[in-house]
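Quick look at entry_30.cif (mmCIF, C-alpha atoms):
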data_start
loop_
_atom_site.label_atom_id
_atom_site.label_comp_id
_atom_site.auth_asym_id
_atom_site.auth_seq_id
_atom_site.Cartn_x
_atom_site.Cartn_y
_atom_site.Cartn_z
CA MET W 1 -7.20 -38.15 -12.10
CA ALA W 2 -6.75 -35.53 -14.82
CA LYS W 3 -3.66 -33.83 -13.42
CA LYS W 4 0.07 -33.63 -14.03
CA ASN W 5 1.79 -36.99 -14.61
CA THR W 6 -1.54 -38.56 -15.62
CA THR W 7 -1.53 -40.62 -18.82
CA ILE W 8 -4.51 -40.03 -21.11
CA VAL W 9 -5.31 -42.02 -24.26
CA ILE W 10 -7.70 -40.30 -26.68
CA THR W 11 -9.10 -41.87 -29.84
CA GLY W 12 -10.46 -39.63 -32.58
CA ALA W 13 -7.92 -37.01 -31.49
CA SER W 14 -7.24 -35.49 -34.92
CA SER W 15 -10.33 -33.24 -35.00
CA GLY W 16 -13.52 -32.21 -33.26
CA ILE W 17 -14.22 -33.33 -29.70
CA GLY W 18 -11.12 -35.52 -29.49
CA ARG W 19 -8.81 -32.70 -30.55
CA ALA W 20 -10.48 -30.18 -28.21
CA THR W 21 -10.25 -32.69 -25.36
CA ALA W 22 -6.55 -33.27 -25.97
CA LEU W 23 -5.88 -29.54 -25.82
CA ARG W 24 -7.89 -29.26 -22.59
CA PHE W 25 -5.93 -32.07 -20.95
CA ALA W 26 -2.66 -30.59 -22.20
CA ARG W 27 -3.20 -27.48 -20.09
CA LYS W 28 -2.96 -29.69 -17.01
CA GLY W 29 0.48 -30.98 -18.00
CA THR W 30 -0.70 -34.54 -18.62
CA SER W 31 0.97 -37.21 -20.76
CA LEU W 32 -1.14 -37.72 -23.89
CA VAL W 33 -1.38 -40.65 -26.28
CA LEU W 34 -3.21 -39.43 -29.38
CA ALA W 35 -4.90 -41.82 -31.80
CA ALA W 36 -6.70 -41.37 -35.13
CA ARG W 37 -6.13 -42.42 -38.73
CA ARG W 38 -4.42 -39.17 -39.84
CA ALA W 39 -0.79 -39.14 -38.73
CA ALA W 40 -0.08 -35.60 -39.96
CA ALA W 41 -3.13 -34.18 -38.19
CA LEU W 42 -2.16 -35.99 -35.00
CA GLU W 43 1.33 -34.51 -35.15
CA GLU W 44 -0.22 -31.03 -35.34
CA VAL W 45 -2.31 -31.72 -32.24
CA ALA W 46 0.70 -33.18 -30.46
CA ASP W 47 2.79 -30.09 -31.20
CA ALA W 48 0.02 -27.85 -29.86
CA CYS W 49 -0.20 -29.97 -26.71
CA ARG W 50 3.56 -29.89 -26.17
CA GLN W 51 3.50 -26.10 -26.40
CA GLN W 52 1.18 -26.14 -23.40
CA GLY W 53 3.56 -28.28 -21.35
CA ALA W 54 2.21 -31.75 -22.01
CA GLU W 55 4.06 -34.80 -23.27
CA ALA W 56 2.43 -36.26 -26.36
CA LEU W 57 2.82 -39.56 -28.20
CA VAL W 58 1.22 -40.05 -31.62
CA VAL W 59 -0.06 -43.54 -32.52
CA PRO W 60 -1.99 -43.62 -35.84
CA THR W 61 -4.85 -46.06 -35.27
CA ASP W 62 -7.95 -47.32 -37.06
CA THR W 63 -10.12 -48.19 -34.06
CA SER W 64 -12.15 -50.73 -36.05
CA ASP W 65 -8.99 -52.90 -36.03
CA GLU W 66 -8.73 -54.76 -32.71
CA MET W 67 -5.01 -55.43 -33.02
CA ALA W 68 -4.35 -51.77 -33.83
CA VAL W 69 -6.18 -50.75 -30.65
CA ARG W 70 -4.19 -53.26 -28.62
CA HIS W 71 -1.03 -51.79 -30.12
CA LEU W 72 -2.22 -48.35 -29.04
CA ALA W 73 -2.58 -49.54 -25.44
CA ASP W 74 0.80 -51.28 -25.56
CA GLU W 75 2.49 -48.11 -26.81
CA ALA W 76 0.91 -46.06 -24.01
CA VAL W 77 2.19 -48.49 -21.39
CA ARG W 78 5.61 -48.75 -23.02
CA ARG W 79 6.07 -44.98 -23.07
CA PHE W 80 4.32 -43.91 -19.88
CA ASP W 81 4.13 -47.11 -17.74
CA GLY W 82 0.34 -47.19 -17.55
CA ILE W 83 -3.00 -45.69 -18.55
CA ASP W 84 -4.94 -43.51 -16.13
CA VAL W 85 -7.72 -42.36 -18.48
CA TRP W 86 -8.91 -43.80 -21.79
CA VAL W 87 -11.26 -41.64 -23.85
CA ASN W 88 -13.19 -43.47 -26.57
CA ASP W 89 -14.21 -40.74 -29.01
CA ALA W 90 -13.55 -41.88 -32.60
CA ALA W 91 -16.82 -41.96 -34.55
CA VAL W 92 -18.20 -41.88 -38.09
CA SER W 93 -21.68 -41.67 -39.60
CA SER W 94 -23.65 -42.24 -42.77
CA PHE W 95 -26.88 -40.46 -43.74
CA ALA W 96 -29.36 -42.36 -45.89
CA PRO W 97 -32.90 -43.74 -45.78
CA PHE W 98 -32.70 -47.12 -44.03
CA THR W 99 -33.51 -49.23 -47.11
CA GLU W 100 -31.05 -47.27 -49.26
CA MET W 101 -28.01 -47.23 -47.00
CA PRO W 102 -25.15 -49.33 -48.42
CA MET W 103 -24.66 -52.27 -46.09
CA ASP W 104 -20.88 -51.93 -46.10
CA GLU W 105 -21.35 -48.42 -44.71
CA PHE W 106 -23.86 -49.64 -42.14
CA ARG W 107 -21.34 -52.21 -40.90
CA ARG W 108 -18.51 -49.68 -40.95
CA VAL W 109 -20.38 -47.29 -38.64
CA ILE W 110 -21.03 -50.12 -36.18
CA ASP W 111 -17.42 -51.33 -36.43
CA VAL W 112 -15.96 -47.91 -35.61
CA ASN W 113 -18.54 -46.48 -33.22
CA LEU W 114 -19.31 -49.61 -31.24
CA MET W 115 -16.66 -52.27 -31.77
CA GLY W 116 -13.95 -49.61 -31.65
CA TYR W 117 -15.20 -48.68 -28.17
CA VAL W 118 -15.36 -52.34 -27.18
CA TYR W 119 -11.75 -52.85 -28.27
CA GLY W 120 -10.69 -49.67 -26.49
CA ALA W 121 -12.51 -50.50 -23.25
CA ARG W 122 -11.12 -54.02 -23.22
CA ALA W 123 -7.54 -52.92 -23.85
CA ALA W 124 -7.84 -50.18 -21.23
CA LEU W 125 -9.42 -52.47 -18.62
CA GLU W 126 -6.66 -55.04 -18.95
CA VAL W 127 -4.16 -52.34 -18.00
CA MET W 128 -6.35 -50.73 -15.33
CA GLU W 129 -7.10 -54.03 -13.63
CA ARG W 130 -3.37 -54.61 -13.21
CA GLN W 131 -2.96 -51.09 -11.85
CA GLY W 132 -6.07 -51.28 -9.68
CA ARG W 133 -7.35 -47.89 -10.91
CA GLY W 134 -8.37 -45.91 -13.98
CA VAL W 135 -11.20 -44.16 -15.79
CA ILE W 136 -12.80 -44.98 -19.14
CA VAL W 137 -14.79 -42.15 -20.72
CA ASN W 138 -17.05 -43.20 -23.59
CA VAL W 139 -18.38 -40.37 -25.75
CA SER W 140 -21.89 -41.35 -26.80
CA SER W 141 -24.54 -38.86 -28.00
CA ILE W 142 -28.00 -37.56 -27.20
CA VAL W 143 -28.92 -39.52 -30.34
CA GLY W 144 -28.23 -42.60 -28.19
CA GLU W 145 -31.26 -41.52 -26.13
CA ILE W 146 -33.38 -40.09 -28.96
CA PRO W 147 -32.46 -41.66 -32.32
CA GLN W 148 -33.14 -39.74 -35.49
CA PRO W 149 -34.12 -40.66 -39.05
CA TYR W 150 -31.57 -41.32 -41.79
CA THR W 151 -28.76 -42.34 -39.38
CA ALA W 152 -29.93 -45.73 -38.07
CA PRO W 153 -26.46 -47.26 -37.50
CA TYR W 154 -25.20 -44.13 -35.75
CA GLY W 155 -28.14 -44.06 -33.32
CA MET W 156 -27.85 -47.80 -32.75
CA SER W 157 -24.13 -47.54 -32.03
CA LYS W 158 -24.54 -44.65 -29.60
CA ALA W 159 -27.34 -46.42 -27.72
CA ALA W 160 -25.15 -49.51 -27.52
CA VAL W 161 -22.27 -47.44 -26.12
CA ARG W 162 -24.57 -46.40 -23.27
CA ALA W 163 -25.46 -50.06 -22.68
CA LEU W 164 -21.77 -50.96 -22.71
CA GLY W 165 -21.12 -48.43 -19.96
CA VAL W 166 -23.90 -49.83 -17.76
CA SER W 167 -22.69 -53.39 -18.28
CA LEU W 168 -19.08 -52.56 -17.44
CA ARG W 169 -20.05 -50.60 -14.33
CA SER W 170 -22.15 -53.56 -13.17
CA GLU W 171 -19.25 -55.97 -13.59
CA LEU W 172 -16.80 -53.67 -11.85
CA SER W 173 -19.23 -53.30 -8.96
CA LEU W 174 -19.60 -57.07 -8.61
CA GLN W 175 -15.83 -57.43 -8.71
CA LYS W 176 -15.51 -54.71 -6.05
CA ARG W 177 -13.13 -52.71 -8.23
CA LYS W 178 -14.01 -49.39 -6.64
CA HIS W 179 -11.16 -47.46 -8.22
CA ILE W 180 -11.96 -48.25 -11.84
CA HIS W 181 -14.74 -46.11 -13.32
CA VAL W 182 -16.68 -45.97 -16.59
CA VAL W 183 -18.41 -42.71 -17.48
CA THR W 184 -20.58 -42.06 -20.55
CA VAL W 185 -20.81 -38.54 -21.98
CA LEU W 186 -23.82 -37.57 -24.14
CA PRO W 187 -23.17 -34.46 -26.27
CA PRO W 188 -25.89 -32.70 -28.28
CA THR W 189 -25.18 -31.22 -31.74
CA VAL W 190 -21.63 -29.89 -31.56
CA ASP W 191 -19.67 -27.44 -33.72
CA THR W 192 -17.13 -29.86 -35.26
CA PRO W 193 -16.19 -31.02 -38.80
CA PHE W 194 -18.14 -34.26 -38.16
CA PHE W 195 -21.04 -33.44 -40.48
CA ARG W 196 -18.69 -32.72 -43.39
CA HIS W 197 -17.02 -36.08 -42.76
CA SER W 198 -20.22 -38.16 -42.80
CA ALA W 199 -21.20 -40.32 -45.75
CA ASN W 200 -24.30 -39.01 -47.48
CA HIS W 201 -26.92 -40.69 -49.66
CA THR W 202 -29.83 -38.32 -49.08
CA GLY W 203 -29.24 -36.06 -52.06
CA ARG W 204 -29.16 -33.09 -49.66
CA ARG W 205 -26.30 -31.32 -47.90
CA ILE W 206 -25.85 -32.25 -44.23
CA VAL W 207 -25.74 -29.27 -41.88
CA ALA W 208 -25.42 -29.13 -38.10
CA MET W 209 -28.94 -29.27 -36.68
CA PRO W 210 -29.57 -26.37 -34.31
CA PRO W 211 -29.12 -25.76 -31.46
CA VAL W 212 -25.33 -26.11 -31.96
CA PHE W 213 -23.07 -26.28 -28.91
CA SER W 214 -19.43 -25.30 -28.54
CA VAL W 215 -16.98 -28.19 -28.91
CA ASP W 216 -15.06 -26.90 -25.91
CA LYS W 217 -18.16 -27.36 -23.75
CA VAL W 218 -18.04 -31.08 -24.51
CA ALA W 219 -14.26 -31.22 -24.00
CA ARG W 220 -14.71 -29.67 -20.56
CA ALA W 221 -17.31 -32.31 -19.71
CA VAL W 222 -14.93 -35.11 -20.74
CA VAL W 223 -12.12 -33.65 -18.63
CA ARG W 224 -14.47 -33.31 -15.65
CA ALA W 225 -15.63 -36.91 -16.09
CA ALA W 226 -12.03 -38.09 -16.02
CA GLY W 227 -11.15 -35.98 -13.01
CA ALA W 228 -14.20 -36.74 -10.87
CA PRO W 229 -15.72 -39.99 -12.16
CA GLY W 230 -17.74 -40.52 -8.99
CA THR W 231 -19.94 -37.50 -9.75
CA GLY W 232 -22.01 -39.32 -12.36
CA THR W 233 -22.18 -42.43 -14.51
CA GLU W 234 -23.77 -40.56 -17.43
CA ILE W 235 -23.19 -36.91 -18.20
CA THR W 236 -25.51 -35.12 -20.63
CA VAL W 237 -23.82 -31.94 -21.86
CA GLY W 238 -25.70 -28.66 -21.42
CA GLY W 239 -28.82 -27.76 -19.47
CA ALA W 240 -30.90 -27.72 -22.63
CA GLY W 241 -29.61 -31.18 -23.56
CA LYS W 242 -30.58 -32.49 -20.14
CA ALA W 243 -34.06 -31.02 -20.55
CA PHE W 244 -34.39 -32.71 -23.93
CA VAL W 245 -33.46 -36.12 -22.49
CA LEU W 246 -35.77 -35.75 -19.49
CA GLN W 247 -38.67 -34.70 -21.70
CA HIS W 248 -38.12 -37.73 -23.92
CA ARG W 249 -38.51 -40.00 -20.92
CA LYS W 250 -41.81 -38.30 -20.04
CA THR W 251 -43.32 -38.07 -23.53
CA PRO W 252 -41.22 -40.29 -25.81
CA ALA W 253 -43.59 -40.45 -28.79
CA ALA W 254 -43.99 -36.68 -28.93
CA VAL W 255 -40.28 -35.93 -28.65
CA GLU W 256 -39.40 -38.58 -31.25
CA ALA W 257 -41.94 -37.10 -33.64
CA GLN W 258 -40.48 -33.66 -33.11
CA MET W 259 -36.93 -34.97 -33.56
CA ALA W 260 -37.94 -36.45 -36.92
CA LEU W 261 -39.39 -33.11 -38.03
CA GLN W 262 -36.32 -31.22 -36.83
CA VAL W 263 -34.01 -33.50 -38.80
CA GLU W 264 -36.12 -33.22 -41.94
CA LYS W 265 -36.34 -29.43 -41.75
CA THR W 266 -32.99 -28.35 -40.29
CA HIS W 267 -30.44 -31.19 -40.59
CA LEU W 268 -30.65 -31.67 -44.35
CA SER W 269 -30.65 -28.66 -46.65
CA ARG W 270 -33.19 -28.59 -49.49
CA LYS W 271 -31.34 -25.70 -51.12
CA GLN W 272 -28.03 -27.50 -51.57
CA PRO W 273 -28.23 -30.84 -53.40
CA MET W 274 -25.33 -33.25 -52.84
CA PRO W 275 -24.15 -36.26 -54.81
CA ASP W 276 -23.76 -39.59 -53.04
CA ASN W 277 -20.43 -39.90 -51.23
CA GLN W 278 -18.75 -42.04 -48.59
CA GLY W 279 -17.29 -39.13 -46.66
CA THR W 280 -14.41 -40.30 -44.48
CA LEU W 281 -15.92 -43.67 -43.61
CA PHE W 282 -13.20 -45.74 -45.24
CA THR W 283 -10.46 -43.19 -45.89
CA PRO W 284 -9.51 -40.23 -43.68
CA ALA W 285 -9.96 -36.64 -44.81
CA VAL W 286 -7.09 -35.23 -46.85
CA ASP W 287 -7.93 -31.54 -46.54
CA PRO W 288 -5.88 -30.02 -43.67
CA ALA W 289 -8.76 -27.61 -43.07
CA ASP W 290 -10.82 -30.57 -41.81
CA ALA W 291 -8.29 -31.34 -39.06
CA THR W 292 -9.74 -28.73 -36.72
CA THR W 293 -11.73 -28.59 -33.50
CA THR W 294 -14.60 -26.55 -34.92
CA GLY W 295 -16.66 -27.06 -38.04
CA GLY W 296 -17.79 -23.50 -38.71
CA TRP W 297 -21.37 -24.17 -37.61
CA LYS W 298 -21.58 -21.08 -35.41
CA GLY W 299 -21.52 -23.02 -32.15
CA GLY W 300 -20.98 -21.58 -28.69
CA ARG W 301 -22.19 -18.43 -27.01
CA ARG W 302 -23.62 -16.88 -30.15
CA THR W 303 -26.30 -19.59 -30.30
CA ALA W 304 -27.01 -19.79 -26.57
CA GLY W 305 -30.21 -17.76 -26.77
CA ARG W 306 -31.52 -19.70 -29.72
CA THR W 307 -30.53 -22.92 -27.98
CA LEU W 308 -32.72 -22.25 -24.97
CA LEU W 309 -35.55 -20.80 -27.07
CA GLY W 310 -35.53 -23.76 -29.43
CA LEU W 311 -35.49 -26.32 -26.63
CA THR W 312 -38.23 -24.51 -24.75
CA ALA W 313 -40.42 -24.56 -27.84
CA LEU W 314 -39.63 -28.24 -28.40
CA THR W 315 -40.52 -29.08 -24.81
CA VAL W 316 -43.84 -27.23 -24.99
CA VAL W 317 -44.77 -29.01 -28.22
CA ALA W 318 -43.77 -32.36 -26.74
CA VAL W 319 -45.85 -31.83 -23.61
CA VAL W 320 -48.92 -30.74 -25.58
CA LEU W 321 -48.65 -33.63 -28.00
CA GLY W 322 -47.97 -36.04 -25.18
CA ARG W 323 -51.16 -34.99 -23.41
CA ARG W 324 -53.13 -35.41 -26.61
CA PHE W 325 -51.73 -38.90 -27.10
CA SER W 326 -52.59 -39.83 -23.49
CA THR W 327 -56.15 -38.50 -23.87
CA ALA W 328 -56.67 -40.43 -27.10
CA ARG W 329 -55.87 -43.77 -25.48
#

Please express what this file holds, its structure, as structure tokens.
Amino acid sequence: MAKKNTTIVITGASSGIGRATALRFARKGTSLVLAARRAAALEEVADACRQQGAEALVVPTDTSDEMAVRHLADEAVRRFDGIDVWVNDAAVSSFAPFTEMPMDEFRRVIDVNLMGYVYGARAALEVMERQGRGVIVNVSSIVGEIPQPYTAPYGMSKAAVRALGVSLRSELSLQKRKHIHVVTVLPPTVDTPFFRHSANHTGRRIVAMPPVFSVDKVARAVVRAAGAPGTGTEITVGGAGKAFVLQHRKTPAAVEAQMALQVEKTHLSRKQPMPDNQGTLFTPAVDPADATTTGGWKGGRRTAGRTLLGLTALTVVAVVLGRRFSTAR
């Protein structure tokens, strides 16, 4: 699928995973339709994609607006006569204790992270059903498998995105639409500006919780999912991430307890207090430095050793605790 003359729609394309994915697809000479709230940042991505031989159309879009997402699909069809791949990637988050999170922020996270994907999948499917083919790639998160404290709506939305994928695949199977695929990608912590963009009501600075993975690793997984959708319905990025998910299914209570401790100790800094803020939940970032693929969290090869070491330690702890819990019953 992901080859020359293929039309790819990407939401959340102005920074992070979406931006890295657009640049990856551009190297294949695809036709790109780039969506996010920041028009100027999208134009920068589009220029970079064109320099690599791709065609690129910019459509500023707030994915929580159903009509805006429909307009995005219409523009893709108008310009390129169809949609081969639709990547749902736009996402936001808010950090706060559950009883202290502003409800308008709670709803906003659900609107963008879940309903935005619903609108995108529906708009894409309407086109793909007419064509008889296509791939939808939904970017979820390992947090959709193992939720963490202080980000209840984010974990809920990412778990629901996984459920959406299963439901759509079931319907497509019943309808015998063998050439339309839905793939869910589950990244771990990734080196993007996402954590600087999140709303924060914890009083502590949000930092990327180690181990931190390269954003390009996730982009490669999205491109692979689009190009060979039959290879898997869910793709967990990274061997360590896969181990984490598998261990959770074996000893859920132990892994969830360890996740909570990891968040408390390494996701929120005690040395850097932060005032309450809404991040980019309701308004996009204005600093051009935030329209980047990476977030400066030292992701990639430099953390590979610590990634495996940290996950190994986590797995050992989870197994030991899991055995203790089983013995106590």

Produce a table with one row for each residue of stretch 123-179 of chain W that has an atom at most 9 Å from any atom of stretch 244-249 of chain W, each row naming the nearest atom pair and its distance in Å at one decimal; use only C-alpha atoms; arrange rows by chain and rising residue number; format as CSV.
residue,atom,partner,partner_atom,distance
W:Ile142,CA,W:Val245,CA,7.4
W:Glu145,CA,W:Val245,CA,6.9
W:Ile146,CA,W:His248,CA,7.3

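Residues lying within 8 Å of W:Leu32, counting all atoms listed in the file and ignoring same-chain neighbours fewer than 3 positions away, are Thr7, Ile8, Val9, Ile10, Ala22, Phe25, Ala26, Ala54, Glu55, Ala56 and Leu57 of chain W.
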
Discussion item. Take the PyMOL selection byres ((chain W and resi 128) around 12), run it mentally on this structure, and tell me the resulting residues as an MDAnalysis selection string.
Written reply: chainID W and resid 7 73 77 81:86 121:127 129:136 172 177:182

Taking a cut-off of 8 Å and counting only C-alpha atoms, can you build a table that, for each residue of stretch 140-180 of chain W near stretch 110-117 of chain W, reports the nearest atom pair and how far apart they are in Å (one decimal), sorted by chain then residue number, as CSV?
residue,atom,partner,partner_atom,distance
W:Pro153,CA,W:Ile110,CA,6.3
W:Tyr154,CA,W:Ile110,CA,7.3
W:Met156,CA,W:Ile110,CA,8.0
W:Ser157,CA,W:Leu114,CA,5.3
W:Lys158,CA,W:Asn113,CA,7.2
W:Ala160,CA,W:Leu114,CA,6.9
W:Val161,CA,W:Leu114,CA,6.3

Evaluate the PyMOL selection byres ((chain W and resi 285) around 12) on the structure here and hand back the selected residues as an mmCIF file with C-alpha atoms, in the coordinates of the input.
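Now in expr.cif:
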data_model
loop_
_atom_site.group_PDB
_atom_site.id
_atom_site.type_symbol
_atom_site.label_atom_id
_atom_site.label_comp_id
_atom_site.auth_asym_id
_atom_site.auth_seq_id
_atom_site.Cartn_x
_atom_site.Cartn_y
_atom_site.Cartn_z
ATOM 1 C CA SER W 14 -7.240 -35.490 -34.920
ATOM 2 C CA SER W 15 -10.330 -33.240 -35.000
ATOM 3 C CA ALA W 36 -6.700 -41.370 -35.130
ATOM 4 C CA ARG W 37 -6.130 -42.420 -38.730
ATOM 5 C CA ARG W 38 -4.420 -39.170 -39.840
ATOM 6 C CA ALA W 39 -0.790 -39.140 -38.730
ATOM 7 C CA ALA W 40 -0.080 -35.600 -39.960
ATOM 8 C CA ALA W 41 -3.130 -34.180 -38.190
ATOM 9 C CA VAL W 92 -18.200 -41.880 -38.090
ATOM 10 C CA PRO W 193 -16.190 -31.020 -38.800
ATOM 11 C CA PHE W 194 -18.140 -34.260 -38.160
ATOM 12 C CA ARG W 196 -18.690 -32.720 -43.390
ATOM 13 C CA HIS W 197 -17.020 -36.080 -42.760
ATOM 14 C CA SER W 198 -20.220 -38.160 -42.800
ATOM 15 C CA ALA W 199 -21.200 -40.320 -45.750
ATOM 16 C CA GLN W 278 -18.750 -42.040 -48.590
ATOM 17 C CA GLY W 279 -17.290 -39.130 -46.660
ATOM 18 C CA THR W 280 -14.410 -40.300 -44.480
ATOM 19 C CA LEU W 281 -15.920 -43.670 -43.610
ATOM 20 C CA PHE W 282 -13.200 -45.740 -45.240
ATOM 21 C CA THR W 283 -10.460 -43.190 -45.890
ATOM 22 C CA PRO W 284 -9.510 -40.230 -43.680
ATOM 23 C CA VAL W 286 -7.090 -35.230 -46.850
ATOM 24 C CA ASP W 287 -7.930 -31.540 -46.540
ATOM 25 C CA PRO W 288 -5.880 -30.020 -43.670
ATOM 26 C CA ALA W 289 -8.760 -27.610 -43.070
ATOM 27 C CA ASP W 290 -10.820 -30.570 -41.810
ATOM 28 C CA ALA W 291 -8.290 -31.340 -39.060
ATOM 29 C CA THR W 292 -9.740 -28.730 -36.720
#

Discussion item. Since I can't run it myself right now, could you work out what the PyMOL selection byres ((chain W and resi 213-220) around 9) selects here and report it as number ranges by chain?
Written reply: W: 16-25, 185-192, 210-212, 221-225, 237-238, 293-294, 298-301, 303-304, 307

Those same residues, written as an mmCIF file, in the coordinates of the input with C-alpha atoms?
data_model
loop_
_atom_site.group_PDB
_atom_site.id
_atom_site.type_symbol
_atom_site.label_atom_id
_atom_site.label_comp_id
_atom_site.auth_asym_id
_atom_site.auth_seq_id
_atom_site.Cartn_x
_atom_site.Cartn_y
_atom_site.Cartn_z
ATOM 1 C CA GLY W 16 -13.520 -32.210 -33.260
ATOM 2 C CA ILE W 17 -14.220 -33.330 -29.700
ATOM 3 C CA GLY W 18 -11.120 -35.520 -29.490
ATOM 4 C CA ARG W 19 -8.810 -32.700 -30.550
ATOM 5 C CA ALA W 20 -10.480 -30.180 -28.210
ATOM 6 C CA THR W 21 -10.250 -32.690 -25.360
ATOM 7 C CA ALA W 22 -6.550 -33.270 -25.970
ATOM 8 C CA LEU W 23 -5.880 -29.540 -25.820
ATOM 9 C CA ARG W 24 -7.890 -29.260 -22.590
ATOM 10 C CA PHE W 25 -5.930 -32.070 -20.950
ATOM 11 C CA VAL W 185 -20.810 -38.540 -21.980
ATOM 12 C CA LEU W 186 -23.820 -37.570 -24.140
ATOM 13 C CA PRO W 187 -23.170 -34.460 -26.270
ATOM 14 C CA PRO W 188 -25.890 -32.700 -28.280
ATOM 15 C CA THR W 189 -25.180 -31.220 -31.740
ATOM 16 C CA VAL W 190 -21.630 -29.890 -31.560
ATOM 17 C CA ASP W 191 -19.670 -27.440 -33.720
ATOM 18 C CA THR W 192 -17.130 -29.860 -35.260
ATOM 19 C CA PRO W 210 -29.570 -26.370 -34.310
ATOM 20 C CA PRO W 211 -29.120 -25.760 -31.460
ATOM 21 C CA VAL W 212 -25.330 -26.110 -31.960
ATOM 22 C CA ALA W 221 -17.310 -32.310 -19.710
ATOM 23 C CA VAL W 222 -14.930 -35.110 -20.740
ATOM 24 C CA VAL W 223 -12.120 -33.650 -18.630
ATOM 25 C CA ARG W 224 -14.470 -33.310 -15.650
ATOM 26 C CA ALA W 225 -15.630 -36.910 -16.090
ATOM 27 C CA VAL W 237 -23.820 -31.940 -21.860
ATOM 28 C CA GLY W 238 -25.700 -28.660 -21.420
ATOM 29 C CA THR W 293 -11.730 -28.590 -33.500
ATOM 30 C CA THR W 294 -14.600 -26.550 -34.920
ATOM 31 C CA LYS W 298 -21.580 -21.080 -35.410
ATOM 32 C CA GLY W 299 -21.520 -23.020 -32.150
ATOM 33 C CA GLY W 300 -20.980 -21.580 -28.690
ATOM 34 C CA ARG W 301 -22.190 -18.430 -27.010
ATOM 35 C CA THR W 303 -26.300 -19.590 -30.300
ATOM 36 C CA ALA W 304 -27.010 -19.790 -26.570
ATOM 37 C CA THR W 307 -30.530 -22.920 -27.980
#

With the input short on atoms, add N, CA and C atoms back to stretch 95-106 of chain W and write it as a tab-separated table (two decimals), in the frame of the given file.
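Listing of selection17.tsv after writing:
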chain	number	residue	atom	x	y	z
W	95	PHE	N	-25.50	-40.93	-43.63
W	95	PHE	CA	-26.88	-40.46	-43.74
W	95	PHE	C	-27.52	-41.07	-44.98
W	96	ALA	N	-28.62	-41.78	-44.77
W	96	ALA	CA	-29.36	-42.36	-45.89
W	96	ALA	C	-30.66	-42.93	-45.36
W	97	PRO	N	-31.72	-42.98	-46.19
W	97	PRO	CA	-32.90	-43.74	-45.78
W	97	PRO	C	-32.49	-45.18	-45.49
W	98	PHE	N	-33.13	-45.80	-44.51
W	98	PHE	CA	-32.70	-47.12	-44.03
W	98	PHE	C	-32.57	-48.15	-45.15
W	99	THR	N	-33.54	-48.21	-46.06
W	99	THR	CA	-33.51	-49.23	-47.11
W	99	THR	C	-32.55	-48.89	-48.24
W	100	GLU	N	-31.98	-47.68	-48.20
W	100	GLU	CA	-31.05	-47.27	-49.26
W	100	GLU	C	-29.60	-47.16	-48.79
W	101	MET	N	-29.37	-47.36	-47.50
W	101	MET	CA	-28.01	-47.23	-47.00
W	101	MET	C	-27.17	-48.44	-47.42
W	102	PRO	N	-26.02	-48.21	-48.05
W	102	PRO	CA	-25.15	-49.33	-48.42
W	102	PRO	C	-24.77	-50.14	-47.18
W	103	MET	N	-24.89	-51.44	-47.27
W	103	MET	CA	-24.66	-52.27	-46.09
W	103	MET	C	-23.20	-52.24	-45.63
W	104	ASP	N	-22.27	-52.02	-46.55
W	104	ASP	CA	-20.88	-51.93	-46.10
W	104	ASP	C	-20.68	-50.68	-45.24
W	105	GLU	N	-21.44	-49.62	-45.53
W	105	GLU	CA	-21.35	-48.42	-44.71
W	105	GLU	C	-22.05	-48.63	-43.36
W	106	PHE	N	-23.16	-49.33	-43.38
W	106	PHE	CA	-23.86	-49.64	-42.14
W	106	PHE	C	-22.91	-50.39	-41.19
